[in-house]
Amino acid sequence: MKVMNLVNAINNALDIKLAEDKNVIVYGEDVGKEGGVFRVTEGLQKKYGKERVFDSPLAESAIVGTAVGMAIAGLRPVVEMQFSGFVYPAFNQIISHAARFRNRTRGRYTTPIVIRMPYGGGINALEHHSESMEALFGHIPGVKVVIPSTPHDAKGLLISAIESDDTVIYMEPKRIYRAIKQEVPEEKFSIPLGKAKILQKGDDLTIVTYGALVREVQKAAVMAKKQGITVEIIDLRTIYPIDRETIRESVRKTGRIMTVAESPRSFSVASEITQIVIEEAFLYLEAPPRRVAGFDTIVPLPKGEYHYLITPEKILYEILNLVNY
Amino acid sequence: MFDKYSPLEDKMVQVMDNEGNIINPDLMPDLSDEQIVKAYKDMLFERTADLMTVSYQRQGRIYTYPPNYGQEAIHIASAFVIEEDDWVVPAFREMGIYLAKGATLKEIFLYFMGYEDGTVFKNAKNILPISVPIASQLPHATGVGYALKYKGQKQAVFAYVGDGGTSEGDFHEALNFAGVWKVPVVFTVQNNQYAISTRKENQTASINYAVKAIAYGIKGIKVDGNDFFAMFSVVKQARDLAANQYEPVLIEAVTYRKGAHTTSDDPSKYRDQEEEKQWDRSDPLRRLKTYLIKKGLWSDEQEEKLVSEYKKQVDRIFTEAENYGPYQLEDVFKYMYADMPEDLKQQMLEHQRFLRWKQEFFKTQKQAINN
């Protein structure tokens with residue numbers, strides 16, 4: 001075991017896969033000598049050479065497009081988008097190709113790519129550096145979407161993502177890149193994609209969340225407990241494929257569901273979870289499902305961001321409303 | 001000039017050497033001594049304001065900031081050519097141009113303090129906001145150029161991008177459209193040698209960046225961007241071609257990013273001090289200052305006095321910006337649509353209900369603890 005933060009854990013997972021599989025290639029903007037703007041790939045070029053870990057030209061579309069080609073030809077590229085806000089030029093490659101090759105070639109050509117990207121607010125960033133657009137990816141048939149919330153999960157999920165034979169969008173909650181440290185096994189281990197994790201048991205309501213918001217929900221749960229309310233917290237971990245079973249079983253027990261996420265509320269992961277609960281636990285519900293999410297606005301620049309960010313106080317407010325419905 | 005300095009032969013326009021000597025009198029611009037002194041003062045102001053902004057960031061008084069340090073000649077030479085009705089389509093490292101266009105330093109501070117208000121440049125004519133997604137602004141420049149031509153207006157559009165930005169699809173698409181439509185756009189690549197940490201050898205196999213124009217059937221030229229006179233002459237001729245003959249132009253202005261990519265970046269990770277020292281010799285301010293001193297138009301004493309005035313001025317403006325006031329909740333919502341959708345109104349009202357509850361709830365909680 002070794003104490004790692006999220007950055008260390010992701011670096012460690014890449015290190016393990018680079019060491020054991022010659023087909024793993026890591027590239028993107030500034031990931032080589034500099035080790036990425038968040039230092040996630042630090043030291044890897046030195047260890048594995050410039051043919052396996054390297055800086056690409058500045059072009060997100062070509063980064064993903066070339067990864068499609070490499071993957072079809074037998075490699076396992078792990079590419080970095082410097083910030084999720086810069087992934088949009090690559091959407092054509094993700095939607096039109098990475099997500100479709102398996103189906104349109106009836107399984108002949110596949111695209112085992114991991115597209116890593118830091119995402120989310122709360123770091124006082126410039127424009128286009130704070131958004132949470134996971135719903136856009138969740139809506140693309142043919143890709144998987146993963147969001148870890150701890151160093152341990154970040155490592156185990158990334159190893160599964162690299163080993164997945166499908167394209168995986170791996171979104172890294174940059175607000176907690178260095179904020180959470182925990183003991184993580186140094187040896188290889190993996191966490192299956194598509195499996196949520198129950199972080200704490202509770203009776204009065206279920207909260208589904210993921211990424212940086214997990215910590216905020218945990219804080220709110222402590223406050224709720226002082227009010228006599230126990231919360232069951234589910235860390236979704238994989239946005240797609242979504243773990244319907246864990247959500248269903250929890251809500252059938254608690255009778256109340258709230259999803260907490262930072263993305264705009266409309267047409268969101270929270271909306272999807274609400275619908276799953278309606279389909280699978282409708283008769284168990286004691287209150288309407290609740291989405292606690294970002295406004296349907298652009299994330300404000302730092303001076304206004306506090307209006308937008310979801311705080312433990314806001315979650316507590318929503319918990320009380322839901323329980324007292 | 002464009003034929004003589006073919007980017008295919010990797011020629012670069014220079015007028016003044018590193019020691020302030022005019023080595024190419026044919027291209028020496030027709031500027032009065034007063035104008036040249038004014039240009040130097042503007043460069044000095046940009047540098048002073050820029051270095052101070054970096055130190056404000058270090059003091060935690062603004063957020064992430066991309067320094068302009070070392071690229072001032074490109075900005076001020078362009079600013080001297082750009083006419084009032086011309087359009088400017090910025091990237092994010094052209095402070096001197098924004099100021100010349102009529103943006104205020106206060107606005108620039110506000111932007112990096114985290115207010116959208118700071119990128120409106122509300123009293124500056126025909127300038128777009130700062131654009132962060134690399135090269136994505138360039139097609140807008142081509143579009144503005146089309147509109148100007150359509151309306152029969154004899155103005156030019158000045159668009160900016162870095163060396164890394166030339167790898168983005170939007171760069172190529174914007175140039176291609178500009179060539180097909182023959183629009184009055186001057187694209188300037190500020191080649192400051194680095195896209196964050198990435199150098200030219202990992203960015204392009206082209207002989208230079210200007211040569212990329214050739215493929216799109218437009219004129220390209222490479223110029224010493226640390227040479228104020230060369231930069232002025234090139235931009236001036238480019239503007240004439242664009243505005244009067246609807247010929248788009250691509251300028252590669254060769255310079256050096258003396259500072260970091262942004263204040264979040266640490267260049268010592270990927271470049272050595274020896275290289276930085278080499279580039280210091282062609283520093284744009286040092287060169288123009290040497291020229292002015294040799295001509296008896298400037299002195300160290302004058303400079304010292306002016307810099308100290310500038311510092312006071314910048315500090316006063318910064319303090320003004322710091323007192324700008326709170327960011328209202330309504331400002332998160334009210335600019336999203338021409339008419340705010342009902343759903344969005346409800347989201348704002350819901351949040352206001354939460355804020356009222358929060359005040360009450362935690363007051364009671366505190367009382368409970370105190371009792």
# chains A, B, ... in the order shown; residues from 1 in each chain; ligands from 1

$ residues_around --residues "region 4-14 of chain A" --least-positions-apart "6" --cutoff "9 Å" --atoms "only C-alpha atoms" --output "mmCIF file with C-alpha atoms, in the first residue's frame"
data_model
loop_
_atom_site.group_PDB
_atom_site.id
_atom_site.type_symbol
_atom_site.label_atom_id
_atom_site.label_comp_id
_atom_site.auth_asym_id
_atom_site.auth_seq_id
_atom_site.Cartn_x
_atom_site.Cartn_y
_atom_site.Cartn_z
ATOM 1 C CA VAL A 24 -0.419 0.787 -24.754
ATOM 2 C CA VAL A 26 0.022 7.495 -24.215
ATOM 3 C CA PHE A 38 -1.656 18.521 -14.101
ATOM 4 C CA ARG A 39 1.438 16.264 -14.059
ATOM 5 C CA VAL A 40 -0.686 13.144 -14.475
ATOM 6 C CA THR A 41 1.770 11.596 -16.946
ATOM 7 C CA GLU A 42 4.886 12.831 -15.163
ATOM 8 C CA GLY A 43 7.929 10.599 -15.562
ATOM 9 C CA LEU A 44 6.267 8.220 -18.033
ATOM 10 C CA VAL A 78 -4.689 6.299 -23.959
ATOM 11 C CA PRO A 148 -13.798 8.055 -10.343
ATOM 12 C CA SER A 149 -14.128 9.814 -6.992
ATOM 13 C CA THR A 150 -11.149 8.417 -5.042
ATOM 14 C CA PRO A 151 -7.525 7.533 -5.794
ATOM 15 C CA HIS A 152 -8.291 3.848 -5.238
ATOM 16 C CA ASP A 153 -11.153 3.807 -7.702
ATOM 17 C CA ALA A 154 -9.266 6.007 -10.152
ATOM 18 C CA LYS A 155 -6.572 3.358 -10.424
ATOM 19 C CA GLY A 156 -8.820 0.310 -10.585
ATOM 20 C CA LEU A 157 -11.234 1.879 -13.031
ATOM 21 C CA LEU A 158 -8.517 3.186 -15.338
ATOM 22 C CA ILE A 159 -6.949 -0.254 -15.566
ATOM 23 C CA ILE A 162 -7.526 0.460 -20.736
ATOM 24 C CA GLU A 172 -11.160 13.090 -13.987
ATOM 25 C CA PRO A 173 -12.654 15.382 -11.316
ATOM 26 C CA LYS A 174 -9.812 17.870 -11.225
ATOM 27 C CA ILE A 176 -10.080 16.662 -6.063
ATOM 28 C CA TYR A 177 -6.927 15.734 -8.041
ATOM 29 C CA ARG A 178 -4.817 16.440 -4.985
ATOM 30 C CA ALA A 179 -7.451 16.960 -2.320
ATOM 31 C CA ILE A 180 -8.021 13.317 -1.462
ATOM 32 C CA LYS A 181 -5.207 11.009 -0.372
ATOM 33 C CA GLN A 182 -5.614 7.400 0.627
ATOM 34 C CA GLU A 183 -3.741 4.116 0.741
ATOM 35 C CA VAL A 184 -3.823 2.370 -2.607
ATOM 36 C CA GLU A 186 0.836 -0.640 -5.498
ATOM 37 C CA LYS A 188 -2.246 -4.173 -10.240
#

$ interface_residues --of "chain A" --to "chain B" --cutoff "10 Å" --atoms "only C-alpha atoms" --output "PyMOL selection string"
chain A and resi 29-38+54-62+85-89+123-129+265-266+294-308+313-318

$ write_last_selection --atoms "N, CA and C atoms" --output "short mmCIF file (atom, residue, chain, number, x, y, z; two decimals), in the first residue's frame"
data_model
loop_
_atom_site.label_atom_id
_atom_site.label_comp_id
_atom_site.auth_asym_id
_atom_site.auth_seq_id
_atom_site.Cartn_x
_atom_site.Cartn_y
_atom_site.Cartn_z
N GLU A 29 -1.60 16.63 -25.65
CA GLU A 29 -0.87 17.91 -25.62
C GLU A 29 -0.06 18.02 -24.32
N ASP A 30 1.23 18.20 -24.45
CA ASP A 30 2.13 18.43 -23.31
C ASP A 30 2.22 17.27 -22.32
N VAL A 31 1.90 16.07 -22.75
CA VAL A 31 1.95 14.93 -21.81
C VAL A 31 3.35 14.33 -21.69
N GLY A 32 4.26 14.71 -22.61
CA GLY A 32 5.58 14.08 -22.64
C GLY A 32 6.53 14.64 -21.60
N LYS A 33 7.41 15.51 -22.07
CA LYS A 33 8.43 16.05 -21.17
C LYS A 33 7.82 16.75 -19.96
N GLU A 34 6.79 17.53 -20.22
CA GLU A 34 6.15 18.28 -19.13
C GLU A 34 5.34 17.37 -18.20
N GLY A 35 4.89 16.24 -18.72
CA GLY A 35 4.10 15.34 -17.90
C GLY A 35 2.66 15.78 -17.71
N GLY A 36 2.17 16.57 -18.67
CA GLY A 36 0.78 17.03 -18.60
C GLY A 36 0.64 18.26 -17.73
N VAL A 37 -0.35 19.10 -18.00
CA VAL A 37 -0.48 20.34 -17.23
C VAL A 37 -0.82 20.05 -15.77
N PHE A 38 -1.40 18.90 -15.50
CA PHE A 38 -1.66 18.52 -14.10
C PHE A 38 -0.65 17.48 -13.60
N PHE A 54 4.17 10.60 -25.63
CA PHE A 54 4.68 11.75 -26.37
C PHE A 54 3.66 12.89 -26.52
N ASP A 55 4.24 14.06 -26.82
CA ASP A 55 3.43 15.26 -27.09
C ASP A 55 2.88 15.16 -28.51
N SER A 56 1.61 15.43 -28.66
CA SER A 56 1.05 15.50 -30.01
C SER A 56 1.00 16.97 -30.41
N PRO A 57 0.84 17.25 -31.69
CA PRO A 57 0.46 18.61 -32.06
C PRO A 57 -0.87 18.98 -31.40
N LEU A 58 -1.15 20.28 -31.41
CA LEU A 58 -2.30 20.79 -30.69
C LEU A 58 -3.57 20.65 -31.54
N ALA A 59 -4.21 19.50 -31.46
CA ALA A 59 -5.38 19.27 -32.30
C ALA A 59 -6.18 18.10 -31.74
N GLU A 60 -7.24 18.41 -31.02
CA GLU A 60 -7.99 17.37 -30.32
C GLU A 60 -8.63 16.39 -31.28
N SER A 61 -9.13 16.89 -32.41
CA SER A 61 -9.78 16.01 -33.37
C SER A 61 -8.79 14.96 -33.89
N ALA A 62 -7.59 15.41 -34.21
CA ALA A 62 -6.59 14.48 -34.73
C ALA A 62 -6.06 13.56 -33.63
N GLY A 85 -13.21 20.86 -21.59
CA GLY A 85 -13.76 21.96 -22.39
C GLY A 85 -13.14 22.10 -23.77
N PHE A 86 -12.06 21.37 -24.00
CA PHE A 86 -11.42 21.44 -25.32
C PHE A 86 -11.65 20.18 -26.15
N VAL A 87 -12.54 19.32 -25.69
CA VAL A 87 -12.76 18.05 -26.40
C VAL A 87 -13.66 18.22 -27.63
N TYR A 88 -14.38 19.34 -27.68
CA TYR A 88 -15.42 19.44 -28.72
C TYR A 88 -14.93 19.28 -30.16
N PRO A 89 -13.75 19.76 -30.53
CA PRO A 89 -13.30 19.48 -31.91
C PRO A 89 -13.21 17.98 -32.19
N ILE A 123 -12.25 25.26 -9.24
CA ILE A 123 -10.82 25.56 -9.13
C ILE A 123 -10.49 26.98 -9.59
N ASN A 124 -11.48 27.86 -9.60
CA ASN A 124 -11.25 29.26 -10.00
C ASN A 124 -10.57 29.36 -11.36
N ALA A 125 -11.10 28.66 -12.32
CA ALA A 125 -10.40 28.55 -13.61
C ALA A 125 -10.89 29.58 -14.61
N LEU A 126 -10.18 29.64 -15.72
CA LEU A 126 -10.56 30.49 -16.85
C LEU A 126 -11.81 29.93 -17.54
N GLU A 127 -12.30 30.68 -18.54
CA GLU A 127 -13.45 30.20 -19.31
C GLU A 127 -13.15 28.82 -19.92
N HIS A 128 -14.17 28.01 -20.08
CA HIS A 128 -14.09 26.68 -20.71
C HIS A 128 -13.30 25.65 -19.88
N HIS A 129 -12.98 25.98 -18.64
CA HIS A 129 -12.18 25.06 -17.82
C HIS A 129 -12.98 24.48 -16.65
N ARG A 265 -28.76 20.80 -15.17
CA ARG A 265 -29.76 19.84 -14.72
C ARG A 265 -30.55 19.19 -15.85
N SER A 266 -30.92 19.98 -16.83
CA SER A 266 -31.80 19.43 -17.88
C SER A 266 -31.05 18.44 -18.76
N GLY A 294 -26.33 21.44 -11.39
CA GLY A 294 -26.00 22.81 -11.78
C GLY A 294 -27.18 23.49 -12.46
N PHE A 295 -27.11 24.81 -12.54
CA PHE A 295 -28.14 25.53 -13.29
C PHE A 295 -27.95 25.22 -14.78
N ASP A 296 -28.99 25.48 -15.54
CA ASP A 296 -28.87 25.35 -17.00
C ASP A 296 -28.24 26.62 -17.56
N THR A 297 -27.05 26.91 -17.07
CA THR A 297 -26.34 28.13 -17.50
C THR A 297 -24.88 27.76 -17.76
N ILE A 298 -24.16 28.71 -18.34
CA ILE A 298 -22.71 28.58 -18.44
C ILE A 298 -22.16 28.66 -17.02
N VAL A 299 -21.14 27.88 -16.71
CA VAL A 299 -20.51 28.01 -15.38
C VAL A 299 -19.90 29.41 -15.29
N PRO A 300 -20.28 30.19 -14.27
CA PRO A 300 -19.76 31.55 -14.18
C PRO A 300 -18.24 31.55 -13.94
N LEU A 301 -17.61 32.65 -14.33
CA LEU A 301 -16.20 32.83 -14.01
C LEU A 301 -16.03 32.88 -12.48
N PRO A 302 -14.77 32.76 -11.99
CA PRO A 302 -14.55 32.55 -10.55
C PRO A 302 -15.32 33.46 -9.60
N LYS A 303 -15.46 34.74 -9.92
CA LYS A 303 -16.15 35.62 -8.98
C LYS A 303 -17.62 35.25 -8.80
N GLY A 304 -18.18 34.56 -9.77
CA GLY A 304 -19.58 34.18 -9.65
C GLY A 304 -19.80 32.69 -9.48
N GLU A 305 -18.70 31.96 -9.44
CA GLU A 305 -18.84 30.50 -9.45
C GLU A 305 -19.51 29.96 -8.19
N TYR A 306 -19.36 30.68 -7.09
CA TYR A 306 -19.97 30.18 -5.84
C TYR A 306 -21.49 30.11 -5.94
N HIS A 307 -22.06 30.91 -6.82
CA HIS A 307 -23.51 30.78 -7.03
C HIS A 307 -23.86 29.41 -7.61
N TYR A 308 -22.95 28.92 -8.44
CA TYR A 308 -23.23 27.73 -9.24
C TYR A 308 -22.90 26.42 -8.52
N GLU A 313 -24.43 22.50 2.20
CA GLU A 313 -25.63 23.17 2.72
C GLU A 313 -26.80 23.03 1.76
N LYS A 314 -26.51 23.21 0.47
CA LYS A 314 -27.58 23.08 -0.52
C LYS A 314 -28.10 21.63 -0.54
N ILE A 315 -27.19 20.69 -0.43
CA ILE A 315 -27.62 19.28 -0.44
C ILE A 315 -28.48 19.00 0.80
N LEU A 316 -28.04 19.54 1.94
CA LEU A 316 -28.82 19.34 3.17
C LEU A 316 -30.24 19.92 3.00
N TYR A 317 -30.32 21.11 2.45
CA TYR A 317 -31.62 21.76 2.20
C TYR A 317 -32.52 20.85 1.37
N GLU A 318 -31.93 20.29 0.33
CA GLU A 318 -32.71 19.41 -0.55
C GLU A 318 -33.08 18.11 0.17
#

$ select_by_dssp --residues "region 94-193 of chain A" --states "alpha helix (DSSP H)" --output "compact mmCIF listing (two decimals) with C-alpha atoms, in the first residue's frame"
# COMPACT_ATOMS: atom_id res chain seq x y z
CA PHE A 101 -16.60 1.18 -35.77
CA ARG A 102 -17.48 -2.04 -33.98
CA ASN A 103 -21.11 -1.91 -35.01
CA ARG A 104 -20.66 -0.84 -38.60
CA GLU A 134 -20.67 13.99 -18.91
CA ALA A 135 -24.25 13.80 -20.13
CA LEU A 136 -23.08 14.57 -23.67
CA PHE A 137 -20.90 11.46 -23.59
CA GLY A 138 -23.51 9.35 -21.85
CA PRO A 151 -7.52 7.53 -5.79
CA HIS A 152 -8.29 3.85 -5.24
CA ASP A 153 -11.15 3.81 -7.70
CA ALA A 154 -9.27 6.01 -10.15
CA LYS A 155 -6.57 3.36 -10.42
CA GLY A 156 -8.82 0.31 -10.58
CA LEU A 157 -11.23 1.88 -13.03
CA LEU A 158 -8.52 3.19 -15.34
CA ILE A 159 -6.95 -0.25 -15.57
CA SER A 160 -10.34 -1.68 -16.55
CA ALA A 161 -10.85 1.15 -19.00
CA ILE A 162 -7.53 0.46 -20.74
CA GLU A 163 -8.35 -3.24 -20.88

$ closest_residue --among "A:Leu309, A:Asp15, A:Gly194, A:Ala98" --to "Lys46 (chain A)" --atoms "only C-alpha atoms"
A:Asp15

$ residues_around --residues "Thr255 (chain B)" --least-positions-apart "4" --cutoff "9 Å" --atoms "only C-alpha atoms" --output "ChimeraX atom specification"
/B:70-71,74,190-193,224-226,279,282-284

$ write_last_selection --atoms "C-alpha atoms" --output "CSV table (one decimal), in the first residue's frame"
chain,number,residue,atom,x,y,z
B,70,GLY,CA,8.3,39.5,-24.8
B,71,GLN,CA,5.6,39.9,-27.4
B,74,ILE,CA,3.8,42.5,-32.3
B,190,GLN,CA,2.4,34.9,-32.8
B,191,ASN,CA,5.1,32.2,-33.0
B,192,ASN,CA,6.5,32.5,-29.5
B,193,GLN,CA,8.2,29.1,-29.9
B,224,ASP,CA,10.8,39.2,-36.9
B,225,GLY,CA,8.1,39.9,-34.4
B,226,ASN,CA,10.6,41.4,-31.9
B,279,TRP,CA,16.3,35.4,-26.7
B,282,SER,CA,16.5,40.2,-29.3
B,283,ASP,CA,14.0,41.5,-26.7
B,284,PRO,CA,11.7,43.9,-28.5

$ residues_around --residues "Glu94 (chain B)" --least-positions-apart "4" --cutoff "7 Å" --atoms "only C-alpha atoms" --output "number ranges by chain"
B: 68, 75, 90, 98

$ write_last_selection --atoms "N, CA and C atoms" --output "short mmCIF file (atom, residue, chain, number, x, y, z; two decimals), in the first residue's frame"
data_model
loop_
_atom_site.label_atom_id
_atom_site.label_comp_id
_atom_site.auth_asym_id
_atom_site.auth_seq_id
_atom_site.Cartn_x
_atom_site.Cartn_y
_atom_site.Cartn_z
N ASN B 68 2.08 38.46 -21.40
CA ASN B 68 2.39 38.95 -22.75
C ASN B 68 3.89 39.21 -22.92
N HIS B 75 2.22 43.46 -30.74
CA HIS B 75 0.95 44.09 -30.35
C HIS B 75 0.93 45.57 -30.71
N PRO B 90 -9.43 38.50 -31.09
CA PRO B 90 -8.30 38.10 -30.25
C PRO B 90 -8.23 36.60 -30.00
N TYR B 98 -5.66 45.12 -27.38
CA TYR B 98 -6.96 45.41 -26.75
C TYR B 98 -6.98 46.85 -26.25
#

$ atom_distance --atom1 "CA of Leu128 (chain B)" --atom2 "CA of Gly28 (chain A)"
29.3 Å

$ residues_around --residues "Lys222 (chain B)" --least-positions-apart "4" --cutoff "9 Å" --atoms "only C-alpha atoms" --output "ChimeraX atom specification"
/B:5-7,10-13,208-211,234,250-254

$ write_last_selection --atoms "N, CA and C atoms" --output "CSV table (one decimal), in the first residue's frame"
chain,number,residue,atom,x,y,z
B,5,TYR,N,10.1,38.1,-49.9
B,5,TYR,CA,10.3,37.3,-48.6
B,5,TYR,C,9.4,36.1,-48.7
B,6,SER,N,9.8,35.2,-49.6
B,6,SER,CA,8.9,34.0,-49.8
B,6,SER,C,9.1,33.0,-48.6
B,7,PRO,N,8.0,32.7,-47.9
B,7,PRO,CA,8.1,31.7,-46.8
B,7,PRO,C,8.6,30.3,-47.3
B,10,ASP,N,12.0,30.3,-46.6
B,10,ASP,CA,12.2,30.6,-45.1
B,10,ASP,C,12.8,32.0,-44.9
B,11,LYS,N,12.4,33.0,-45.7
B,11,LYS,CA,13.0,34.3,-45.5
B,11,LYS,C,12.2,35.0,-44.4
B,12,MET,N,12.8,35.9,-43.7
B,12,MET,CA,12.2,36.6,-42.6
B,12,MET,C,12.4,38.1,-42.8
B,13,VAL,N,11.4,38.9,-42.7
B,13,VAL,CA,11.6,40.4,-42.8
B,13,VAL,C,12.2,40.9,-41.5
B,208,ASN,N,8.3,26.6,-41.8
B,208,ASN,CA,7.9,27.7,-40.9
B,208,ASN,C,6.4,27.7,-40.9
B,209,TYR,N,5.8,28.6,-40.2
B,209,TYR,CA,4.3,28.7,-40.1
B,209,TYR,C,3.7,29.5,-41.2
B,210,ALA,N,4.5,30.5,-41.7
B,210,ALA,CA,3.9,31.4,-42.8
B,210,ALA,C,3.6,30.6,-44.1
B,211,VAL,N,4.4,29.5,-44.3
B,211,VAL,CA,4.3,28.8,-45.5
B,211,VAL,C,3.0,28.1,-45.6
B,234,VAL,N,5.2,45.1,-42.2
B,234,VAL,CA,4.5,44.0,-42.7
B,234,VAL,C,3.0,44.1,-42.5
B,250,LEU,N,-1.5,35.8,-44.3
B,250,LEU,CA,-1.1,35.1,-43.0
B,250,LEU,C,0.3,35.7,-42.7
B,251,ILE,N,0.4,36.2,-41.5
B,251,ILE,CA,1.7,36.7,-41.0
B,251,ILE,C,2.2,35.8,-39.9
B,252,GLU,N,3.4,35.3,-40.0
B,252,GLU,CA,4.0,34.6,-38.9
B,252,GLU,C,5.0,35.6,-38.2
B,253,ALA,N,4.7,36.0,-37.0
B,253,ALA,CA,5.5,36.9,-36.3
B,253,ALA,C,6.4,36.1,-35.3
B,254,VAL,N,7.7,36.1,-35.6
B,254,VAL,CA,8.6,35.3,-34.7
B,254,VAL,C,9.0,36.0,-33.5

$ closest_residue --among "A:Thr209, A:Asn321, A:Thr311, A:Gln82" --to "Gly122 (chain A)" --atoms "only C-alpha atoms"
A:Thr311

$ select_by_dssp --residues "region 207-339 of chain B" --states "strand (DSSP E or B)" --output "count of residues only"
12

$ residues_around --residues "Gln313 (chain B)" --least-positions-apart "2" --cutoff "12 Å" --atoms "only C-alpha atoms" --output "list in words"
Phe45, Thr48, Ala49, Met52, Leu105, Lys106, Leu306, Val307, Ser308, Glu309, Tyr310, Lys311, Asp315, Arg316, Ile317, Phe318, Thr319 and Glu320 of chain B
